[in-house]
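S.K.: Take this structure first; my questions come after.
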2 protein chains.
Amino acid sequence: MNLEERKLEVLRAVIEDYIATEEPVGSKALAERHHLGVSPATIRNDMALLEEEGYIAQPHTSAGRVPTDKGYRLFVDKLAEFKPLSTAERRAISSFLEGAIDLDDVLHRTVRLLAQLTRQVAVVQYPSLARSAVRHLEVVHLAATRLMLVLITDTGRVEQRVVELPVPVTESVVADLRTTLNGALRDRRLTDAPEIVTALPEATGPELRPLLTTMTTVLLETLVERPDERMVLGGTANLTRSALDFPGTIRPVLEALEEQVVLLRLIGEVQDPSRVLVRIGEENPYEGLRSTSVVTVGYGSGERALGGLGVLGPTRMDYPGTMSAVAAVARYIGQILATGG
Amino acid sequence: MNLEERKLEVLRAVIEDYIATEEPVGSKALAERHHLGVSPATIRNDMALLEEEGYIAQPHTSAGRVPTDKGYRLFVDKLAEFKPLSTAERRAISSFLEGAIDLDDVLHRTVRLLAQLTRQVAVVQYPSLARSAVRHLEVVHLAATRLMLVLITDTGRVEQRVVELPVPVTESVVADLRTTLNGALRDRRLTDAPEIVTALPEATGPELRPLLTTMTTVLLETLVERPDERMVLGGTANLTRSALDFPGTIRPVLEALEEQVVLLRLIGEVQDPSRVLVRIGEENPYEGLRSTSVVTVGYGSGERALGGLGVLGPTRMDYPGTMSAVAAVARYIGQILATGG
DNA sequence: GACTGGCACTCGACCACGCCGAGTGCCAGA
DNA sequence: TCTGGCACTCGGCGTGGTCGAGTGCCAGTC
């Protein structure tokens with residue numbers, strides 16, 4: 001084992017011990033606990049080098065070393081092997097998720113499951129409306145000038161919007177509207193709605209035209225104004241597991257968790273079901289999360305990502321375990337959404 | 001002012017100072033800050049009596065006094081006058097709540113508003129399904145043997161359930177079902193549904209009967225299985241405002257907040273729009289909330305409570321202010337739900 | 001040239017000590 | 001019944017000293 005290799009081994013050892021003990025780790029402890037085949041003095045030299053390069057740091061002179069964000073980054077990129085889940089964990093996942101009765105239920109179970117598996121805070125985004133297809137569009141005639149548009153997607157999501165009309169409409173017009181909308185949009189993406197509607201044959205009754213346009217506008221507003229705004233959060237209590245994490249307090253973290261927009265941006269930025277994304281400490285764009293790491297992945301059927309999910313915890317977290325748990329859960333719910341619903 | 005009266009005044013002063021300073025309060029400070037008209041020595045005697053009776057306590061010898069749960073209780077019952085809201089607060093409430101586009105929006109704004117006004121954790125329950133009336137029932141024909149039942153209540157709540165049927169049905173049967181259900185149940189309470197449906201004239205097609213029963217069963221299941229289970233939570237970060245509160249950690253509190261069932265029981269137990277309910281520390285039925293106080297009230301139009309809302313914070317909280325904020329917000333959203341929707 | 005053992009040094013954690021002062025309880029006197 | 005005075009208690013805080021884990025460096029060895 002040459003110098004470069006051993007340095008990486010030392011870094012791995014430092015990170016593993018630090019995660020396990022929550023305390024700065026010294027050269028002697030490393031030599032004892034890991035069979036690196038060299039003496040503490042040698043390890044000290046390696047650690048000095050690692051420190052120079054910025055992978056580890058000393059909280060104060062004469063203390064052990066602690067990994068830096070840069071160190072974790074290297075660890076995650078180069079060193080972390082995918083840790084296969086135990087069969088117990090696999091069983092937990094499937095038994096936890098089966099028996100869900102609807103989308104809400106699936107997502108709530110998922111978030112609880114993720115929080116439990118990783119012992120971190122878990123976040124699950126609702127399947128994106130924009131990327132879903134329309135399964136059904138219902139128009140409900142609430143009052144003479146008031147309709148409710150109920151949208152059901154192929155992922156089981158149900159959204160409704162109330163629409164106020166300038167002029168009263170009759171039940172038969174509403175029925176027409178319903179048939180036309182459904183016929184045109186069923187199984188199509190919501191984002192394509194405007195095109196599809198404008199392309200409808202002129203045959204469509206002139207009375208219906210403005211109504212159709214209004215409806216389409218409302219649908220799109222729903223997409224644009226609140227872009228994929230829904231999510232479920234769970235496991236907040238896990239933030240308090242170790243008092244040592246979160247240097248100041250957990251206050252800024254709790255505040256960030258209240259800002260759903262922030263979380264959604266974190267989850268939504270890159271969504272690739274085949275790659276787990278890890279943001280470590282300072283890498284986080286959001287101020288309040290500088291002392292946390294965020295592990296996210298997209299879920300969906302096939303390559304199409306329907307939404308994202310992830311967990312959030314102290315930078316000192318079990319990256320391999322967390323990453324594989326997140327990936328596994330995403331895989332499962334991708335399957336569930338594809339088949340059931 | 002006789003002894004008994006002054007003792008109460010002293011208790012009030014202790015509580016007010018303790019809430020303001022977060023520190024045990026001594027006799028001298030009391031004499032200075034409040035014009036009780038007697039010397040510290042006299043106050044000391046009164047405090048000794050109050051301590052004997054269990055209204056205040058000393059964290060340790062030679063420290064000031066701190067109110068006990070029993071002391072807060074007396075304060076809330078006897079001493080706390082309703083504190084009228086400032087005009088700024090009133091303005092905040094109305095400007096915060098106007099412009100809400102649907103029920104979800106109203107409730108989310110409400111919870112943020114409450115959290116901000118009281119600087120505590122806020123909880124708002126969705127209007128009870130059981131106590132709402134049906135505005136519309138939509139039956140969506142998803143597939144041959146699969147229907148979706150969409151329920152819209154007069155409070156703007158929309159709930160849906162998927163129903164699997166043993167045998168396929170045609171579109172025209174679904175239309176019949178829709179008309180019949182709507183005709184029978186519109187403007188009626190959901191809890192009355194079974195009676196109403198069984199009382200339908202025999203004229204109803206024999207084909208429809210079993211379907212109607214299935215639907216009613218599903219509706220009731222929704223009520224029974226998840227009794228008023230929905231709520232919105234906000235302001236969790238306020239838990240960390242003062243490190244002194246929450247003797248151990250905030251861990252058990254966060255855990256309790258994750259248990260929606262617990263919160264819903266707290267909010268749901270007594271719901272009277274005209275009476276603010278205060279549970280102080282040990283009075284709380286739930287273990288994890290023994291170091292918190294919960295202030296709840298029902299909201300609704302007129303005397304009928306549609307749901308509840310409230311806040312949760314350290315026992316050391318500004319009871320008069322919190323109580324009036326909670327009451328005011330409940331009044332506002334009662335109005336909004338009655339008129340708009 | 002790379003590794004090792006030894007050694008002096010640093011610095012936080014921990015503890016004992018003592019002072020300070022806020023707050024108390026009690027008592028005699030108004 | 002209230003008040004002023006007084007002795008007493010006890011936690012908070014700053015000081016100083018010890019301990020030990022951990023380091024960096026250096027000379028020696030393979």
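Letters A, B, ... go to the chains of the structure tokens in the order shown; residues in each chain start at 1; ligands are counted from 1 in the same order.
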If the cut-off is 10 Å, can you tell me the residues of chain B near chain A, counting only C-alpha atoms? I'd like them as a ChimeraX atom specification.
M.R.: /B:101-102,112,135-142,148,150,152,156,158-162,233-241,243,249-258,341
S.K.: Each residue of chain C lying at most 8 Å from chain B should get a row with its shortest atom-to-atom pair and the distance in Å to one decimal, counting only C-alpha atoms (C1' of nucleotides); could you produce that, ordered by chain and increasing number, as JSON lines?
M.R.:
```
{"residue": "C:DA22", "atom": "C1'", "partner": "B:Ala63", "partner_atom": "CA", "distance": 7.2}
{"residue": "C:DG23", "atom": "C1'", "partner": "B:Ser62", "partner_atom": "CA", "distance": 4.8}
{"residue": "C:DT24", "atom": "C1'", "partner": "B:Ser62", "partner_atom": "CA", "distance": 5.6}
```
S.K.: Determine which residues of chain D sit within 8 Å of chain A, taking into account only C-alpha atoms (C1' of nucleotides), and present them as an MDAnalysis selection string.
M.R.: chainID D and resid 21:23
S.K.: Can you list, as a list in words, every protein, DNA or RNA residue that comes within 12 Å of Leu165 (chain B) when you count only C-alpha atoms (C1' of nucleotides), leaving out same-chain residues fewer than 5 positions away?
M.R.: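 The contact residues come out as His141, Leu142, Ala143, Ala144, Thr145, Arg146, Leu147, Met148, Thr170, Val174, Pro210, Leu211, Leu212, Thr213, Thr214, Met215 and Val218 of chain B.
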S.K.: For the selection just defined, write its residues with N, CA and C atoms to a file, as a PDB file, in the first residue's frame.
M.R.:
```pdb
ATOM      1  N   HIS B 141     -66.091   7.915 -13.231  1.00  0.00           N
ATOM      2  CA  HIS B 141     -65.976   6.563 -13.764  1.00  0.00           C
ATOM      3  C   HIS B 141     -64.546   6.321 -14.248  1.00  0.00           C
ATOM      4  N   LEU B 142     -63.710   5.855 -13.367  1.00  0.00           N
ATOM      5  CA  LEU B 142     -62.296   5.717 -13.733  1.00  0.00           C
ATOM      6  C   LEU B 142     -62.073   4.545 -14.675  1.00  0.00           C
ATOM      7  N   ALA B 143     -62.713   3.428 -14.370  1.00  0.00           N
ATOM      8  CA  ALA B 143     -62.582   2.236 -15.203  1.00  0.00           C
ATOM      9  C   ALA B 143     -63.848   1.418 -14.997  1.00  0.00           C
ATOM     10  N   ALA B 144     -63.949   0.339 -15.721  1.00  0.00           N
ATOM     11  CA  ALA B 144     -65.196  -0.431 -15.676  1.00  0.00           C
ATOM     12  C   ALA B 144     -65.605  -0.774 -14.241  1.00  0.00           C
ATOM     13  N   THR B 145     -64.645  -1.237 -13.450  1.00  0.00           N
ATOM     14  CA  THR B 145     -64.996  -1.641 -12.091  1.00  0.00           C
ATOM     15  C   THR B 145     -64.405  -0.708 -11.040  1.00  0.00           C
ATOM     16  N   ARG B 146     -64.074   0.483 -11.478  1.00  0.00           N
ATOM     17  CA  ARG B 146     -63.449   1.375 -10.505  1.00  0.00           C
ATOM     18  C   ARG B 146     -64.053   2.776 -10.582  1.00  0.00           C
ATOM     19  N   LEU B 147     -64.595   3.209  -9.462  1.00  0.00           N
ATOM     20  CA  LEU B 147     -65.157   4.553  -9.396  1.00  0.00           C
ATOM     21  C   LEU B 147     -64.355   5.403  -8.425  1.00  0.00           C
ATOM     22  N   MET B 148     -64.391   6.688  -8.639  1.00  0.00           N
ATOM     23  CA  MET B 148     -63.851   7.584  -7.622  1.00  0.00           C
ATOM     24  C   MET B 148     -64.976   8.471  -7.133  1.00  0.00           C
ATOM     25  N   THR B 170     -71.925   0.466 -16.268  1.00  0.00           N
ATOM     26  CA  THR B 170     -71.911   1.304 -17.468  1.00  0.00           C
ATOM     27  C   THR B 170     -71.979   2.771 -17.079  1.00  0.00           C
ATOM     28  N   VAL B 174     -73.686   4.933 -13.812  1.00  0.00           N
ATOM     29  CA  VAL B 174     -72.918   5.885 -13.016  1.00  0.00           C
ATOM     30  C   VAL B 174     -73.633   7.229 -12.966  1.00  0.00           C
ATOM     31  N   PRO B 210     -77.567  -1.769  -4.579  1.00  0.00           N
ATOM     32  CA  PRO B 210     -76.295  -2.212  -3.992  1.00  0.00           C
ATOM     33  C   PRO B 210     -75.196  -1.175  -4.165  1.00  0.00           C
ATOM     34  N   LEU B 211     -75.208  -0.509  -5.296  1.00  0.00           N
ATOM     35  CA  LEU B 211     -74.197   0.522  -5.527  1.00  0.00           C
ATOM     36  C   LEU B 211     -74.320   1.631  -4.496  1.00  0.00           C
ATOM     37  N   LEU B 212     -75.551   2.061  -4.299  1.00  0.00           N
ATOM     38  CA  LEU B 212     -75.788   3.137  -3.333  1.00  0.00           C
ATOM     39  C   LEU B 212     -75.266   2.741  -1.955  1.00  0.00           C
ATOM     40  N   THR B 213     -75.581   1.518  -1.598  1.00  0.00           N
ATOM     41  CA  THR B 213     -75.146   1.056  -0.284  1.00  0.00           C
ATOM     42  C   THR B 213     -73.625   1.052  -0.204  1.00  0.00           C
ATOM     43  N   THR B 214     -72.992   0.554  -1.250  1.00  0.00           N
ATOM     44  CA  THR B 214     -71.528   0.533  -1.262  1.00  0.00           C
ATOM     45  C   THR B 214     -70.979   1.942  -1.056  1.00  0.00           C
ATOM     46  N   MET B 215     -71.521   2.867  -1.802  1.00  0.00           N
ATOM     47  CA  MET B 215     -71.040   4.238  -1.726  1.00  0.00           C
ATOM     48  C   MET B 215     -71.203   4.808  -0.324  1.00  0.00           C
ATOM     49  N   VAL B 218     -68.680   3.438   1.947  1.00  0.00           N
ATOM     50  CA  VAL B 218     -67.371   4.053   1.732  1.00  0.00           C
ATOM     51  C   VAL B 218     -67.322   5.436   2.387  1.00  0.00           C
TER      52      VAL B 218
END
```
S.K.: Using only C-alpha atoms (C1' of nucleotides), which protein or nucleic acid residues come within 6 Å of Arg188 (chain B)? Drop anything in the same chain fewer than 3 positions from it, and give the result as a PyMOL selection string.
M.R.: chain B and resi 133-134+185
S.K.: Given the selection you just returned, output its residues as a file containing N, CA and C atoms, formatted as a PDB file, in the first residue's frame.
M.R.:
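The resulting out-v8.pdb:
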```pdb
ATOM      1  N   ALA B 133     -71.811  19.822   5.895  1.00  0.00           N
ATOM      2  CA  ALA B 133     -72.893  19.360   5.035  1.00  0.00           C
ATOM      3  C   ALA B 133     -72.326  19.088   3.644  1.00  0.00           C
ATOM      4  N   VAL B 134     -73.005  18.232   2.923  1.00  0.00           N
ATOM      5  CA  VAL B 134     -72.575  17.885   1.568  1.00  0.00           C
ATOM      6  C   VAL B 134     -72.975  19.003   0.619  1.00  0.00           C
ATOM      7  N   LEU B 185     -78.425  13.608  -1.008  1.00  0.00           N
ATOM      8  CA  LEU B 185     -77.524  14.020   0.073  1.00  0.00           C
ATOM      9  C   LEU B 185     -77.152  15.494   0.068  1.00  0.00           C
TER      10      LEU B 185
END
```
S.K.: Can you pull out every residue within 7 Å of Thr315 (chain B), counting only C-alpha atoms (C1' of nucleotides), but drop anything in the same chain fewer than 5 positions away, and send it as a list in words?
M.R.: Ile280, Gly281, Ser291, Thr292 and Ser293 of chain B
S.K.: As a ChimeraX atom specification, please: the residues near Phe75 (chain A) (cut-off 10 Å, only C-alpha atoms (C1' of nucleotides), same-chain neighbours under 3 positions excluded).
M.R.: /A:8-9,11-12,15,55,67,69-72,78-81,319-320
S.K.: Write out as a list of chain:residue names the set of residues from region 144-220 of chain B that DSSP, computed on the backbone, places in strand (DSSP E or B).
M.R.: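 Result set for region 144-220 of chain B (strand (DSSP E or B)): B:Arg146, B:Leu147, B:Met148, B:Leu149, B:Val150, B:Leu151, B:Ile152, B:Thr153, B:Val158, B:Glu159, B:Gln160, B:Arg161, B:Val162, B:Val163, B:Glu164, B:Arg189.
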S.K.: Would you export the selected residues with C-alpha atoms as a PDB file, in the first residue's frame, please?
M.R.:
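Output contents, as saved in part.pdb:
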```pdb
ATOM      1  CA  ARG B 146     -63.449   1.375 -10.505  1.00  0.00           C
ATOM      2  CA  LEU B 147     -65.157   4.553  -9.396  1.00  0.00           C
ATOM      3  CA  MET B 148     -63.851   7.584  -7.622  1.00  0.00           C
ATOM      4  CA  LEU B 149     -66.125   9.299  -5.192  1.00  0.00           C
ATOM      5  CA  VAL B 150     -65.388  13.003  -4.763  1.00  0.00           C
ATOM      6  CA  LEU B 151     -67.029  14.718  -1.842  1.00  0.00           C
ATOM      7  CA  ILE B 152     -67.252  18.491  -1.617  1.00  0.00           C
ATOM      8  CA  THR B 153     -68.508  19.981   1.626  1.00  0.00           C
ATOM      9  CA  VAL B 158     -62.735  18.079  -0.955  1.00  0.00           C
ATOM     10  CA  GLU B 159     -62.125  14.413  -0.243  1.00  0.00           C
ATOM     11  CA  GLN B 160     -61.886  11.542  -2.601  1.00  0.00           C
ATOM     12  CA  ARG B 161     -61.931   7.774  -2.294  1.00  0.00           C
ATOM     13  CA  VAL B 162     -61.445   5.136  -4.928  1.00  0.00           C
ATOM     14  CA  VAL B 163     -64.046   2.376  -4.896  1.00  0.00           C
ATOM     15  CA  GLU B 164     -63.507  -0.999  -6.485  1.00  0.00           C
ATOM     16  CA  ARG B 189     -74.959  16.064   6.981  1.00  0.00           C
TER      17      ARG B 189
END
```
S.K.: Write out as a ChimeraX atom specification which residues come within 9 Å of DC3 (chain C) when counting only C-alpha atoms (C1' of nucleotides), dropping same-chain ones fewer than 5 positions away.
M.R.: /A:38-39,41-42 /D:29-30
S.K.: Write out as CSV a residue-level contact list of chain C versus region 4-10 of chain D with cut-off 12 Å: for each qualifying residue the closest pair of atoms and the distance in Å to one decimal, counting only C-alpha atoms (C1' of nucleotides), rows sorted by chain and residue number upward.
M.R.:
```
residue,atom,partner,partner_atom,distance
C:DC20,C1',D:DC10,C1',11.4
C:DG21,C1',D:DC10,C1',10.5
C:DA22,C1',D:DC10,C1',10.0
C:DG23,C1',D:DT9,C1',9.0
C:DT24,C1',D:DT9,C1',7.9
C:DG25,C1',D:DC8,C1',8.8
C:DC26,C1',D:DC6,C1',9.2
C:DC27,C1',D:DG5,C1',9.2
C:DA28,C1',D:DG5,C1',9.4
C:DG29,C1',D:DG4,C1',9.1
C:DA30,C1',D:DG4,C1',10.1
```
S.K.: Would you write out those residues with C-alpha atoms (C1' of nucleotides), as a PDB file, in the first residue's frame?
M.R.:
```
ATOM      1  C1'  DC C  20     -19.957  37.529  45.779  1.00  0.00           C
ATOM      2  C1'  DG C  21     -24.558  38.596  45.971  1.00  0.00           C
ATOM      3  C1'  DA C  22     -29.374  37.657  45.483  1.00  0.00           C
ATOM      4  C1'  DG C  23     -32.687  35.933  48.102  1.00  0.00           C
ATOM      5  C1'  DT C  24     -34.613  33.895  52.161  1.00  0.00           C
ATOM      6  C1'  DG C  25     -36.610  33.235  57.090  1.00  0.00           C
ATOM      7  C1'  DC C  26     -37.109  35.038  61.368  1.00  0.00           C
ATOM      8  C1'  DC C  27     -37.606  38.363  64.903  1.00  0.00           C
ATOM      9  C1'  DA C  28     -38.237  42.483  67.429  1.00  0.00           C
ATOM     10  C1'  DG C  29     -40.344  46.796  67.149  1.00  0.00           C
ATOM     11  C1'  DA C  30     -43.611  50.322  65.276  1.00  0.00           C
TER      12       DA C  30
END
```
S.K.: Measure the distance from CA of Gln125 (chain A) to CA of Val111 (chain A) in Å and round it to one decimal.
M.R.: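 Atom-to-atom, CA of Gln125 (chain A) and CA of Val111 (chain A) are spaced 9.5 Å apart.
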S.K.: Can you measure CA of Glu5 (chain A) to CA of Leu50 (chain A) for me? One decimal in Å is fine.
M.R.: 12.0 Å
S.K.: What is the CA of His35 (chain A) to C1' of DA2 (chain C) distance in Å?
M.R.: 18.7 Å
